[in-house]
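Have a look at input-v5.txt below; it lists compact mmCIF, C-alpha atoms and all ligand atoms.
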# COMPACT_ATOMS: atom_id res chain seq x y z
CA MET Q 1 170.64 -98.48 -17.39
CA THR Q 2 169.13 -95.45 -15.73
CA SER Q 3 165.78 -95.61 -14.08
CA MET Q 4 162.52 -94.63 -15.72
CA PRO Q 5 161.28 -91.02 -15.61
CA MET Q 6 160.20 -90.04 -12.10
CA GLN Q 7 157.16 -91.98 -10.95
CA PRO Q 8 154.22 -89.56 -10.93
CA TRP Q 9 153.10 -90.83 -7.50
CA PHE Q 10 156.24 -89.35 -6.00
CA SER Q 11 155.73 -85.80 -7.27
CA ASP Q 12 152.06 -85.92 -6.31
CA ALA Q 13 152.67 -87.29 -2.82
CA LYS Q 14 153.74 -84.03 -1.11
CA LEU Q 15 154.13 -85.62 2.32
CA GLY Q 16 155.96 -88.74 3.46
CA ILE Q 17 156.76 -89.99 6.96
CA PHE Q 18 160.31 -91.07 7.79
CA LEU Q 19 160.77 -93.63 10.57
CA HIS Q 20 164.06 -94.18 12.35
CA TYR Q 21 163.24 -97.35 14.23
CA GLY Q 22 165.96 -99.55 15.67
CA ILE Q 23 167.80 -100.76 18.75
CA TYR Q 24 169.05 -97.21 19.45
CA ALA Q 25 165.56 -96.48 20.81
CA VAL Q 26 166.21 -98.81 23.76
CA ASP Q 27 168.59 -96.38 25.50
CA GLY Q 28 167.44 -93.43 23.43
CA VAL Q 29 170.88 -92.71 21.95
CA PRO Q 30 171.73 -91.29 18.51
CA GLU Q 31 171.11 -93.94 15.84
CA SER Q 32 174.43 -95.66 15.02
CA TRP Q 33 176.40 -92.46 15.58
CA ALA Q 34 176.49 -93.06 19.34
CA PHE Q 35 179.18 -95.76 19.03
CA TYR Q 36 180.80 -94.42 15.86
CA GLY Q 37 181.72 -91.23 17.70
CA GLY Q 38 182.64 -93.01 20.92
CA ARG Q 39 179.90 -91.35 22.93
CA VAL Q 40 178.66 -94.81 23.92
CA PRO Q 41 181.09 -97.77 24.08
CA HIS Q 42 180.44 -100.24 21.29
CA ASP Q 43 179.49 -103.14 23.56
CA GLN Q 44 177.08 -100.98 25.51
CA TYR Q 45 175.45 -99.87 22.26
CA MET Q 46 175.10 -103.48 21.12
CA LYS Q 47 173.58 -104.48 24.49
CA GLN Q 48 170.50 -102.64 23.32
CA LEU Q 49 169.81 -105.72 21.19
CA ASP Q 50 168.64 -107.42 24.42
CA GLY Q 51 166.14 -104.67 25.16
CA PHE Q 52 164.54 -104.35 21.72
CA THR Q 53 161.10 -105.94 22.07
CA ALA Q 54 158.80 -104.33 19.49
CA SER Q 55 156.19 -105.46 22.02
CA GLN Q 56 153.55 -102.94 20.93
CA TYR Q 57 154.51 -102.98 17.27
CA ASP Q 58 151.38 -102.18 15.29
CA PRO Q 59 152.20 -101.00 11.78
CA GLY Q 60 148.46 -100.77 11.08
CA ALA Q 61 148.26 -98.03 13.73
CA TRP Q 62 151.31 -96.35 12.16
CA ALA Q 63 149.70 -96.45 8.73
CA ASP Q 64 146.43 -95.05 10.12
CA LEU Q 65 148.34 -92.21 11.75
CA PHE Q 66 150.29 -91.47 8.57
CA ALA Q 67 147.07 -91.44 6.55
CA ARG Q 68 145.56 -89.01 9.09
CA ALA Q 69 148.69 -86.87 8.69
CA GLY Q 70 147.96 -86.64 4.97
CA ALA Q 71 151.07 -88.61 4.01
CA LYS Q 72 151.11 -90.73 0.86
CA TYR Q 73 154.24 -92.74 1.64
CA ALA Q 74 156.54 -93.70 4.46
CA VAL Q 75 160.20 -94.69 4.67
CA LEU Q 76 161.35 -97.15 7.36
CA THR Q 77 164.99 -97.74 8.36
CA ALA Q 78 165.29 -101.36 7.23
CA ARG Q 79 168.96 -101.18 8.17
CA HIS Q 80 170.86 -98.18 9.54
CA HIS Q 81 174.65 -97.71 9.74
CA ASP Q 82 174.74 -99.97 12.82
CA GLY Q 83 173.98 -102.94 10.57
CA VAL Q 84 170.98 -104.21 12.51
CA ALA Q 85 168.45 -105.42 9.94
CA LEU Q 86 164.74 -105.26 10.78
CA TRP Q 87 164.02 -108.36 8.70
CA ASP Q 88 165.17 -111.96 8.69
CA THR Q 89 168.04 -111.53 6.28
CA ALA Q 90 170.00 -114.49 4.99
CA HIS Q 91 173.09 -112.27 4.78
CA GLY Q 92 174.82 -112.03 8.14
CA ASP Q 93 173.06 -112.72 11.43
CA LEU Q 94 172.74 -109.21 12.81
CA ASN Q 95 169.01 -108.75 12.67
CA VAL Q 96 166.13 -108.24 15.08
CA VAL Q 97 164.66 -111.66 14.29
CA ARG Q 98 167.65 -113.63 15.51
CA ARG Q 99 169.30 -111.24 17.95
CA THR Q 100 166.54 -109.41 19.85
CA PRO Q 101 163.50 -110.34 21.93
CA ALA Q 102 161.37 -108.88 19.10
CA GLY Q 103 162.11 -112.19 17.37
CA ARG Q 104 160.25 -111.49 14.15
CA ASP Q 105 160.41 -109.72 10.83
CA LEU Q 106 159.18 -106.13 11.16
CA VAL Q 107 159.39 -105.12 7.51
CA ALA Q 108 156.75 -107.35 5.88
CA PRO Q 109 153.90 -106.27 8.22
CA TYR Q 110 154.92 -102.63 7.72
CA ALA Q 111 154.78 -102.96 3.93
CA GLU Q 112 151.43 -104.76 4.12
CA ALA Q 113 149.87 -102.20 6.47
CA LEU Q 114 150.90 -99.28 4.27
CA ARG Q 115 149.64 -100.93 1.11
CA ALA Q 116 146.32 -101.78 2.76
CA ARG Q 117 145.79 -98.04 3.26
CA GLY Q 118 146.98 -97.03 -0.20
CA LEU Q 119 150.31 -95.64 0.98
CA LYS Q 120 153.50 -96.22 -0.97
CA VAL Q 121 156.21 -98.27 0.68
CA GLY Q 122 159.66 -96.78 1.21
CA LEU Q 123 162.63 -98.55 2.78
CA TYR Q 124 165.76 -96.83 4.05
CA TYR Q 125 168.98 -98.78 3.66
CA SER Q 126 172.51 -97.66 4.57
CA HIS Q 127 175.25 -98.61 2.09
CA SER Q 128 177.64 -98.48 5.05
CA ASP Q 129 177.58 -100.97 7.91
CA TRP Q 130 179.86 -100.02 10.80
CA ASN Q 131 179.41 -103.44 12.38
CA HIS Q 132 180.26 -105.64 9.43
CA PRO Q 133 183.68 -107.37 9.78
CA ASP Q 134 184.49 -106.70 6.10
CA TYR Q 135 183.40 -103.07 5.99
CA ALA Q 136 186.52 -101.23 7.18
CA SER Q 137 188.63 -102.67 4.38
CA VAL Q 138 189.14 -99.96 1.75
CA VAL Q 139 190.00 -96.26 1.74
CA HIS Q 140 187.96 -93.56 -0.01
CA PRO Q 141 190.20 -92.13 -2.79
CA GLU Q 142 189.20 -88.59 -1.77
CA PRO Q 143 187.89 -88.78 1.80
CA PRO Q 144 185.33 -86.01 2.34
CA ASN Q 145 186.45 -85.59 5.96
CA GLU Q 146 189.08 -86.77 8.44
CA ASP Q 147 186.70 -89.28 10.06
CA VAL Q 148 186.22 -91.19 6.81
CA ARG Q 149 190.02 -91.55 6.63
CA THR Q 150 190.59 -92.58 10.23
CA ASN Q 151 187.47 -93.87 12.02
CA ARG Q 152 188.07 -97.50 13.00
CA PHE Q 153 184.59 -98.58 11.91
CA VAL Q 154 185.14 -97.13 8.44
CA ALA Q 155 188.80 -97.25 7.41
CA PRO Q 156 191.26 -100.18 7.53
CA LYS Q 157 193.83 -100.26 10.29
CA ASP Q 158 197.04 -98.51 9.17
CA GLY Q 159 195.40 -97.84 5.80
CA VAL Q 160 196.10 -101.35 4.51
CA GLU Q 161 193.37 -102.32 2.07
CA ASP Q 162 191.83 -105.76 1.70
CA PRO Q 163 190.05 -105.94 -1.66
CA ASP Q 164 188.72 -109.46 -1.00
CA ALA Q 165 187.04 -108.31 2.18
CA TRP Q 166 185.52 -105.40 0.25
CA ALA Q 167 184.21 -107.77 -2.43
CA ARG Q 168 182.56 -109.82 0.32
CA TYR Q 169 181.06 -106.67 1.78
CA LEU Q 170 179.55 -105.66 -1.56
CA ALA Q 171 178.12 -109.15 -2.01
CA TYR Q 172 176.51 -108.80 1.44
CA ARG Q 173 175.06 -105.36 0.68
CA ASN Q 174 173.81 -106.41 -2.77
CA GLY Q 175 172.36 -109.56 -1.23
CA GLN Q 176 170.43 -107.59 1.37
CA VAL Q 177 169.16 -105.02 -1.13
CA GLY Q 178 168.11 -107.93 -3.36
CA GLU Q 179 166.08 -109.36 -0.48
CA LEU Q 180 164.38 -106.03 0.12
CA VAL Q 181 163.40 -105.73 -3.54
CA ASP Q 182 162.26 -109.35 -3.95
CA ARG Q 183 160.47 -109.78 -0.65
CA PHE Q 184 158.92 -106.38 0.01
CA ARG Q 185 158.83 -104.75 -3.44
CA PRO Q 186 159.41 -101.23 -2.11
CA ASP Q 187 158.13 -98.35 -4.25
CA LEU Q 188 161.07 -96.32 -2.98
CA LEU Q 189 164.54 -97.28 -1.80
CA TRP Q 190 166.02 -94.53 0.32
CA PHE Q 191 169.78 -95.03 0.56
CA ASP Q 192 172.17 -93.40 3.00
CA GLY Q 193 175.80 -93.63 4.14
CA GLU Q 194 177.16 -93.12 0.62
CA TRP Q 195 179.81 -90.54 1.63
CA GLU Q 196 182.29 -93.12 2.96
CA ARG Q 197 183.19 -94.62 -0.44
CA SER Q 198 183.37 -93.43 -4.03
CA GLU Q 199 180.66 -94.25 -6.55
CA GLU Q 200 183.01 -96.76 -8.12
CA GLN Q 201 183.90 -98.44 -4.85
CA TRP Q 202 180.21 -98.77 -4.06
CA GLY Q 203 179.55 -100.32 -7.45
CA MET Q 204 176.54 -98.03 -7.77
CA ARG Q 205 175.94 -98.82 -11.43
CA GLU Q 206 175.72 -102.55 -10.78
CA LEU Q 207 173.53 -102.02 -7.73
CA SER Q 208 171.14 -99.77 -9.61
CA GLU Q 209 170.95 -102.29 -12.49
CA GLN Q 210 170.20 -105.05 -10.01
CA ILE Q 211 167.42 -103.07 -8.33
CA LEU Q 212 165.79 -101.95 -11.57
CA ALA Q 213 165.99 -105.45 -13.04
CA GLY Q 214 164.03 -106.60 -9.99
CA ASN Q 215 161.51 -103.77 -10.24
CA PRO Q 216 162.01 -101.05 -12.87
CA GLU Q 217 159.58 -98.75 -11.07
CA THR Q 218 161.64 -98.43 -7.88
CA VAL Q 219 162.31 -94.79 -7.03
CA LEU Q 220 165.88 -94.16 -5.79
CA ASN Q 221 167.09 -91.16 -3.80
CA ALA Q 222 170.26 -89.21 -4.58
CA ARG Q 223 172.34 -91.22 -2.12
CA MET Q 224 172.65 -93.63 -5.05
CA LEU Q 225 174.88 -90.81 -6.38
CA SER Q 226 174.56 -90.57 -10.20
CA TYR Q 227 171.90 -93.28 -10.17
CA GLY Q 228 169.47 -91.42 -7.91
CA ASP Q 229 166.18 -90.00 -9.14
CA TYR Q 230 165.79 -87.07 -6.78
CA ALA Q 231 167.69 -84.73 -4.46
CA THR Q 232 167.51 -85.10 -0.68
CA PRO Q 233 168.34 -81.93 1.23
CA GLU Q 234 168.46 -82.89 4.91
CA GLN Q 235 167.36 -80.57 7.75
CA GLY Q 236 168.53 -77.59 5.65
CA VAL Q 237 165.72 -75.72 3.94
CA PRO Q 238 166.57 -74.81 0.33
CA LEU Q 239 166.15 -71.20 -0.75
CA THR Q 240 166.09 -72.06 -4.41
CA PRO Q 241 164.62 -75.40 -5.38
CA PRO Q 242 167.13 -78.14 -6.22
CA ASP Q 243 167.08 -79.22 -9.89
CA GLY Q 244 164.50 -81.84 -10.70
CA PRO Q 245 162.37 -83.75 -8.20
CA TRP Q 246 163.36 -83.35 -4.56
CA GLU Q 247 162.39 -84.07 -1.01
CA LEU Q 248 163.34 -82.29 2.21
CA CYS Q 249 163.86 -84.65 5.14
CA LEU Q 250 163.25 -83.02 8.47
CA THR Q 251 162.90 -84.22 12.06
CA VAL Q 252 159.86 -83.31 14.18
CA ASN Q 253 162.21 -82.62 17.12
CA ASP Q 254 166.02 -82.56 16.77
CA SER Q 255 166.58 -86.33 16.60
CA TRP Q 256 166.05 -88.92 13.88
CA GLY Q 257 165.49 -91.77 16.31
CA TYR Q 258 163.75 -91.82 19.68
CA GLN Q 259 165.58 -89.78 22.31
CA GLY Q 260 163.36 -89.15 25.31
CA GLN Q 261 165.23 -86.08 26.52
CA ASP Q 262 164.72 -84.26 23.22
CA GLN Q 263 161.57 -82.25 23.75
CA ASN Q 264 162.43 -79.64 21.15
CA HIS Q 265 159.44 -80.40 18.96
CA LYS Q 266 158.51 -78.09 16.15
CA SER Q 267 155.01 -76.69 16.57
CA VAL Q 268 152.19 -77.62 14.20
CA ARG Q 269 152.29 -74.04 12.94
CA GLN Q 270 156.00 -74.38 12.15
CA LEU Q 271 155.43 -77.70 10.44
CA VAL Q 272 152.68 -76.18 8.28
CA ARG Q 273 155.26 -73.59 7.25
CA TYR Q 274 157.99 -76.10 6.40
CA PHE Q 275 155.46 -78.18 4.53
CA THR Q 276 153.89 -75.41 2.47
CA GLU Q 277 157.23 -73.75 1.73
CA THR Q 278 158.48 -77.10 0.46
CA ILE Q 279 155.54 -77.91 -1.80
CA ALA Q 280 155.50 -74.30 -3.03
CA MET Q 281 158.98 -74.99 -4.43
CA GLY Q 282 157.86 -78.27 -5.97
CA GLY Q 283 159.30 -80.60 -3.31
CA ASN Q 284 157.99 -83.22 -0.91
CA LEU Q 285 158.43 -83.13 2.84
CA LEU Q 286 159.67 -86.34 4.46
CA LEU Q 287 158.88 -85.73 8.11
CA ASP Q 288 160.75 -87.93 10.55
CA VAL Q 289 159.51 -89.56 13.73
CA GLY Q 290 161.41 -91.87 16.09
CA PRO Q 291 159.27 -94.65 17.57
CA ARG Q 292 160.12 -96.02 21.02
CA GLU Q 293 161.69 -99.48 21.17
CA ASP Q 294 158.24 -101.03 21.71
CA GLY Q 295 157.07 -99.55 18.41
CA THR Q 296 154.84 -96.78 19.74
CA ILE Q 297 155.09 -93.20 18.54
CA THR Q 298 155.15 -90.58 21.31
CA ALA Q 299 152.11 -88.39 22.05
CA GLU Q 300 154.09 -85.26 21.12
CA GLN Q 301 154.98 -86.60 17.67
CA THR Q 302 151.50 -88.04 17.12
CA GLU Q 303 149.98 -84.67 17.92
CA ARG Q 304 152.26 -82.91 15.43
CA LEU Q 305 151.39 -85.37 12.67
CA GLU Q 306 147.67 -85.10 13.37
CA GLY Q 307 147.83 -81.30 13.55
CA LEU Q 308 149.57 -81.07 10.19
CA GLY Q 309 147.11 -83.62 8.79
CA SER Q 310 144.07 -81.67 9.93
CA TRP Q 311 145.41 -78.55 8.21
CA ILE Q 312 146.11 -80.51 5.04
CA ALA Q 313 142.64 -82.08 5.13
CA ARG Q 314 141.02 -78.62 5.29
CA HIS Q 315 143.20 -77.42 2.42
CA SER Q 316 143.68 -80.51 0.31
CA ASP Q 317 142.78 -78.70 -2.96
CA ALA Q 318 145.79 -76.45 -2.41
CA VAL Q 319 148.08 -79.43 -1.72
CA TYR Q 320 147.42 -82.55 -3.78
CA GLY Q 321 147.48 -82.32 -7.54
CA THR Q 322 149.28 -78.98 -7.40
CA VAL Q 323 152.65 -77.90 -8.71
CA ALA Q 324 155.22 -75.33 -7.54
CA GLY Q 325 153.76 -71.86 -7.04
CA LEU Q 326 154.66 -68.28 -7.85
CA PRO Q 327 158.23 -67.03 -7.75
CA ALA Q 328 159.00 -64.64 -4.88
CA GLY Q 329 157.63 -61.13 -5.22
CA HIS Q 330 154.07 -61.79 -6.43
CA HIS Q 331 152.69 -62.73 -2.99
CA TYR Q 332 154.20 -62.55 0.49
CA GLY Q 333 154.17 -66.21 1.31
CA PRO Q 334 154.26 -69.57 -0.40
CA SER Q 335 151.76 -70.56 -3.06
CA THR Q 336 150.87 -73.52 -5.23
CA VAL Q 337 149.24 -73.76 -8.66
CA SER Q 338 146.65 -76.31 -9.78
CA ALA Q 339 147.79 -78.85 -12.35
CA ASP Q 340 145.70 -77.10 -15.07
CA ARG Q 341 147.43 -73.82 -14.06
CA ARG Q 342 144.09 -72.01 -13.79
CA THR Q 343 143.99 -71.63 -10.00
CA VAL Q 344 146.62 -70.11 -7.74
CA TYR Q 345 146.54 -70.94 -4.03
CA LEU Q 346 147.93 -68.18 -1.84
CA ILE Q 347 149.06 -69.31 1.59
CA CYS Q 348 148.96 -66.69 4.35
CA PHE Q 349 150.62 -67.41 7.69
CA ASP Q 350 149.58 -64.17 9.35
CA THR Q 351 146.05 -62.88 9.75
CA PRO Q 352 145.48 -60.68 6.71
CA ARG Q 353 144.48 -57.11 7.56
CA GLU Q 354 142.24 -55.03 5.29
CA SER Q 355 143.47 -56.53 2.05
CA LEU Q 356 146.00 -58.76 0.34
CA SER Q 357 147.75 -58.05 -2.90
CA LEU Q 358 148.69 -60.24 -5.79
CA ARG Q 359 151.13 -58.55 -8.14
CA GLY Q 360 152.28 -59.09 -11.70
CA LEU Q 361 149.28 -61.15 -12.73
CA ARG Q 362 148.38 -60.77 -16.40
CA ASN Q 363 145.27 -62.90 -16.13
CA LYS Q 364 141.82 -61.68 -15.27
CA VAL Q 365 140.70 -63.02 -11.90
CA GLU Q 366 137.32 -64.78 -12.09
CA ARG Q 367 136.82 -65.49 -8.42
CA VAL Q 368 138.64 -65.51 -5.08
CA SER Q 369 137.52 -67.75 -2.22
CA VAL Q 370 138.79 -69.07 1.09
CA VAL Q 371 139.85 -72.73 0.82
CA GLY Q 372 138.08 -74.85 3.38
CA THR Q 373 135.15 -72.52 4.08
CA GLY Q 374 134.37 -71.52 0.50
CA THR Q 375 133.62 -67.90 1.41
CA GLU Q 376 134.01 -65.66 -1.60
CA LEU Q 377 136.16 -62.53 -1.25
CA ALA Q 378 135.78 -59.34 -3.24
CA HIS Q 379 138.71 -58.22 -5.34
CA ARG Q 380 139.60 -55.38 -7.71
CA VAL Q 381 142.51 -54.45 -9.91
CA ILE Q 382 144.15 -51.10 -9.30
CA GLY Q 383 146.65 -49.39 -11.56
CA GLY Q 384 148.79 -50.92 -14.25
CA LEU Q 385 149.76 -49.41 -17.53
CA GLY Q 386 150.25 -50.89 -20.95
CA ALA Q 387 151.95 -54.27 -20.59
CA VAL Q 388 152.39 -53.84 -16.82
CA PRO Q 389 149.42 -55.36 -15.03
CA GLY Q 390 147.78 -53.63 -12.09
CA VAL Q 391 147.75 -55.02 -8.57
CA VAL Q 392 144.93 -57.40 -7.63
CA TRP Q 393 143.63 -56.26 -4.23
CA ILE Q 394 141.68 -58.91 -2.37
CA ASP Q 395 139.55 -58.10 0.67
CA ALA Q 396 140.92 -59.73 3.84
CA PRO Q 397 138.81 -62.64 5.11
CA GLU Q 398 136.68 -62.15 8.24
CA ALA Q 399 137.84 -63.75 11.50
CA GLY Q 400 135.67 -66.84 10.97
CA ASP Q 401 137.49 -67.57 7.74
CA VAL Q 402 140.98 -67.23 9.18
CA ASP Q 403 142.69 -70.58 9.79
CA GLU Q 404 144.59 -71.03 13.04
CA TYR Q 405 147.70 -72.26 11.19
CA ALA Q 406 147.55 -70.79 7.70
CA THR Q 407 144.71 -69.38 5.63
CA VAL Q 408 144.61 -70.27 1.95
CA LEU Q 409 142.92 -68.28 -0.81
CA ALA Q 410 142.02 -69.84 -4.14
CA VAL Q 411 142.41 -67.35 -6.98
CA GLU Q 412 140.62 -68.64 -10.08
CA LEU Q 413 141.90 -67.28 -13.38
CA ASP Q 414 140.39 -66.83 -16.83
CA GLY Q 415 143.05 -69.07 -18.36
CA GLU Q 416 146.45 -70.53 -17.63
CA LEU Q 417 148.58 -68.54 -15.22
CA ASP Q 418 150.42 -65.75 -17.03
CA LEU Q 419 152.90 -63.70 -15.02
CA TYR Q 420 154.51 -60.36 -15.67
CA ARG Q 421 158.13 -60.39 -14.48
CA GLY Q 422 159.40 -57.04 -15.72
CA ALA Q 423 160.73 -53.86 -14.14
CA GLY Q 424 157.45 -51.92 -14.19
CA ARG Q 425 157.73 -50.07 -17.45
CA ASP Q 426 157.36 -51.60 -20.90
C1 LIG N 501 172.03 -88.39 8.38
C2 LIG N 501 172.23 -89.12 9.67
C3 LIG N 501 171.51 -90.38 9.72
C4 LIG N 501 170.08 -90.23 9.28
C5 LIG N 501 170.00 -89.51 7.97
C6 LIG N 501 168.63 -89.21 7.49
O1 LIG N 501 172.71 -88.98 7.32
O2 LIG N 501 173.59 -89.38 9.82
O3 LIG N 501 171.59 -90.92 10.99
O4 LIG N 501 169.58 -91.50 9.11
O5 LIG N 501 170.68 -88.31 8.07
O6 LIG N 501 168.68 -88.41 6.34

Take the structure in the file and write it out as structure tokens.
Ligand code: GLC
Amino acid sequence: MTSMPMQPWFSDAKLGIFLHYGIYAVDGVPESWAFYGGRVPHDQYMKQLDGFTASQYDPGAWADLFARAGAKYAVLTARHHDGVALWDTAHGDLNVVRRTPAGRDLVAPYAEALRARGLKVGLYYSHSDWNHPDYASVVHPEPPNEDVRTNRFVAPKDGVEDPDAWARYLAYRNGQVGELVDRFRPDLLWFDGEWERSEEQWGMRELSEQILAGNPETVLNARMLSYGDYATPEQGVPLTPPDGPWELCLTVNDSWGYQGQDQNHKSVRQLVRYFTETIAMGGNLLLDVGPREDGTITAEQTERLEGLGSWIARHSDAVYGTVAGLPAGHHYGPSTVSADRRTVYLICFDTPRESLSLRGLRNKVERVSVVGTGTELAHRVIGGLGAVPGVVWIDAPEAGDVDEYATVLAVELDGELDLYRGAGRD
């Protein structure tokens, strides 16, 4: 069984918020990787359990912030590679309910708060669990790197496999995923950690059948390998869009989880660029924040989300309900196209001087206006010969119509977008 065609909500969402929330926020160390790589001794890492309070946990405030950011979904780390579940799982006892002062399920109130504000619910879940006693029991047939072959949290000692232990591990993972689906009914399951085993070892087919039997509308990311619905480039910005639906996940600073020393936050202007470049290629942006152990999101990250949200709110016509924009060469910058393909939105990062050009447009332009202020701009077509259209020159907006982050022009056409892609002579 493969999943249904991509859920339309996903392609229309444009922006999601990724949350790496877990015990790693207590000391502010890299999520799970801190002990995997030996940077922090394992027992010291696990001591963070005692400091994880979630004392200010207010998923309603999170959901309000995400709505202000213009996001339509969020994805919370229900369980990262360190194996610490944020809900009261019946499988294993490593969870924040039983093992931390937080002492309660954090997933149900999150799902409720998002739904109350009309946001879709995503849950991140790592196939791998570097703390599970049965995990390091089989060897990847073609290890993608040396670590996967030798790391003590991943590979069996001396390479000796224990298939029974692995069967127990899969029962544990399938049991936990089953709980997530039954109890929280996520709209999206965002898997990770798939690189340490083969698709067969993971039993991906069975897992995907189990999930879709529970809820056939669950969206799955590509870390379900062949059973994923969409590609997930991570931190790396694609130059050509991946095939099919996709989502770029990107951190606001350089860390997925909370790390107080990391002050390398992207500016709002940079985030507007990442965001518009992504949607202009038909993708979604999944922008990551790392809440502190008490559940609060830092002022720096809040400010970035609100800044991006205020830009989106001023330009929502150019964002929601649009599809990928013009190929490179027609306009110097990203663009989007309305669903009826009769309006092109040109995004301009720099302050336009004198005029802007739109090239290779076969349509007649009915009207050009500034999104947000509505000011109409004069335009004229110059040149062109035979089948080669002339250049549409648009007067630059006045200072009052220039947006501090990115100005957007709506170009209304006489029909569906029709582009000339030739070499300039018919
Ligand atoms: C990488 C990191 C992991 C993070 C994930 C998010 O796989 O190892 O810590 O959760 O990216 O995409």

* Kindly work out which residues sit at most 7 Å from ligand LIG 501 (chain N), using all atoms listed in the file, and give the list as a PyMOL selection string. => chain Q and resi 20+31-33+80+192-193+234+249+256

* Looking at only C-alpha atoms, which of Q:Leu65, Q:Leu271, Q:Val40, Q:Ile23 is the one that sits closest to Asp82 (chain Q)? ->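 With only C-alpha atoms as the atom set, the closest residue is Q:Ile23.
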
* To do: Would you kindly return, as a count of residues only, each protein, DNA or RNA residue with an atom no farther than 9 Å from any atom of Ala90 (chain Q), considering only C-alpha atoms and excluding same-chain residues fewer than 4 positions away?
  => 3

* Structure fact -> If you count only C-alpha atoms, the residue of Q:Gln7, Q:Gln48, Q:Ser208, Q:Thr322 closest to Val26 (chain Q) turns out to be Q:Gln48

* Asked: What is the CA of Pro245 (chain Q) to CA of Trp190 (chain Q) distance in Å?
  ->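 Spanning CA of Pro245 (chain Q) to CA of Trp190 (chain Q) is a straight-line distance of 14.2 Å.
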
* Contact residues around Val139 (chain Q) with only C-alpha atoms at 7 Å, ignoring same-chain residues under 5 positions, as a list in words ->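 Selected residues are Arg149, Ala155, Gly159 and Glu161 of chain Q.
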
* For Gly203 (chain Q), work out the shell of residues within 12 Å, counting all atoms listed in the file and skipping chain neighbours fewer than 3 positions away, then give it as a VMD selection string. => chain Q and resid 127 166 to 167 169 to 171 173 to 174 194 197 to 200 206 to 210 224 to 227

Kindly save the residues from that selection, with C-alpha atoms included, as an mmCIF file, keeping the file's coordinate frame.
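Saved file selection29.cif follows:
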data_model
loop_
_atom_site.group_PDB
_atom_site.id
_atom_site.type_symbol
_atom_site.label_atom_id
_atom_site.label_comp_id
_atom_site.auth_asym_id
_atom_site.auth_seq_id
_atom_site.Cartn_x
_atom_site.Cartn_y
_atom_site.Cartn_z
ATOM 1 C CA HIS Q 127 175.250 -98.610 2.090
ATOM 2 C CA TRP Q 166 185.520 -105.400 0.250
ATOM 3 C CA ALA Q 167 184.210 -107.770 -2.430
ATOM 4 C CA TYR Q 169 181.060 -106.670 1.780
ATOM 5 C CA LEU Q 170 179.550 -105.660 -1.560
ATOM 6 C CA ALA Q 171 178.120 -109.150 -2.010
ATOM 7 C CA ARG Q 173 175.060 -105.360 0.680
ATOM 8 C CA ASN Q 174 173.810 -106.410 -2.770
ATOM 9 C CA GLU Q 194 177.160 -93.120 0.620
ATOM 10 C CA ARG Q 197 183.190 -94.620 -0.440
ATOM 11 C CA SER Q 198 183.370 -93.430 -4.030
ATOM 12 C CA GLU Q 199 180.660 -94.250 -6.550
ATOM 13 C CA GLU Q 200 183.010 -96.760 -8.120
ATOM 14 C CA GLU Q 206 175.720 -102.550 -10.780
ATOM 15 C CA LEU Q 207 173.530 -102.020 -7.730
ATOM 16 C CA SER Q 208 171.140 -99.770 -9.610
ATOM 17 C CA GLU Q 209 170.950 -102.290 -12.490
ATOM 18 C CA GLN Q 210 170.200 -105.050 -10.010
ATOM 19 C CA MET Q 224 172.650 -93.630 -5.050
ATOM 20 C CA LEU Q 225 174.880 -90.810 -6.380
ATOM 21 C CA SER Q 226 174.560 -90.570 -10.200
ATOM 22 C CA TYR Q 227 171.900 -93.280 -10.170
#

* Which one is closest to Leu106 (chain Q): Q:Asp294, Q:Glu247, Q:Asp93, Q:Asp262? Count all atoms listed in the file. ->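 For Leu106 (chain Q), the nearest of the candidates is Q:Asp294.
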
* Within 8 Å of His379 (chain Q), counting all atoms listed in the file, which residues qualify if same-chain residues fewer than 2 places away don't, as an NGL selection string? -> :Q and (368 or 377 or 381 or 392-395)

Store the residues picked out above, limited to C-alpha atoms, as a PDB file, in the coordinates of the input.
ATOM      1  CA  VAL Q 368     138.640 -65.510  -5.080  1.00  0.00           C
ATOM      2  CA  LEU Q 377     136.160 -62.530  -1.250  1.00  0.00           C
ATOM      3  CA  VAL Q 381     142.510 -54.450  -9.910  1.00  0.00           C
ATOM      4  CA  VAL Q 392     144.930 -57.400  -7.630  1.00  0.00           C
ATOM      5  CA  TRP Q 393     143.630 -56.260  -4.230  1.00  0.00           C
ATOM      6  CA  ILE Q 394     141.680 -58.910  -2.370  1.00  0.00           C
ATOM      7  CA  ASP Q 395     139.550 -58.100   0.670  1.00  0.00           C
TER       8      ASP Q 395
END

* To do: Might you pull out every residue within 9 Å of Thr302 (chain Q), with only C-alpha atoms counted and same-chain residues fewer than 4 positions away left off, and present them as an MDAnalysis selection string?
  => chainID Q and resid 65 69 289 297:298 306:307

* To do: Enter the distance from CA of Phe153 (chain Q) to CA of Ala222 (chain Q), in Å, rounded to one decimal.
  =>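 Separation between CA of Phe153 (chain Q) and CA of Ala222 (chain Q): 23.8 Å.
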
* Point out the residue among Q:Arg304, Q:Arg168, Q:Arg115, Q:Arg353 with the least atom-to-atom distance to Arg269 (chain Q), counting all atoms listed in the file. =>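 Nearest to Arg269 (chain Q): Q:Arg304.
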
* Mind giving me the straight-line distance from CA of Val408 (chain Q) to CA of Phe18 (chain Q) in Å, one decimal? =>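 Distance reported for this atom pair: 26.7 Å.
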
* Of the residues Q:Gly383, Q:Val371, Q:Ala324, Q:Val337, which is the one nearest to Leu417 (chain Q), using all atoms listed in the file? ->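 The answer is Q:Val337, which sits nearest to Leu417 (chain Q).
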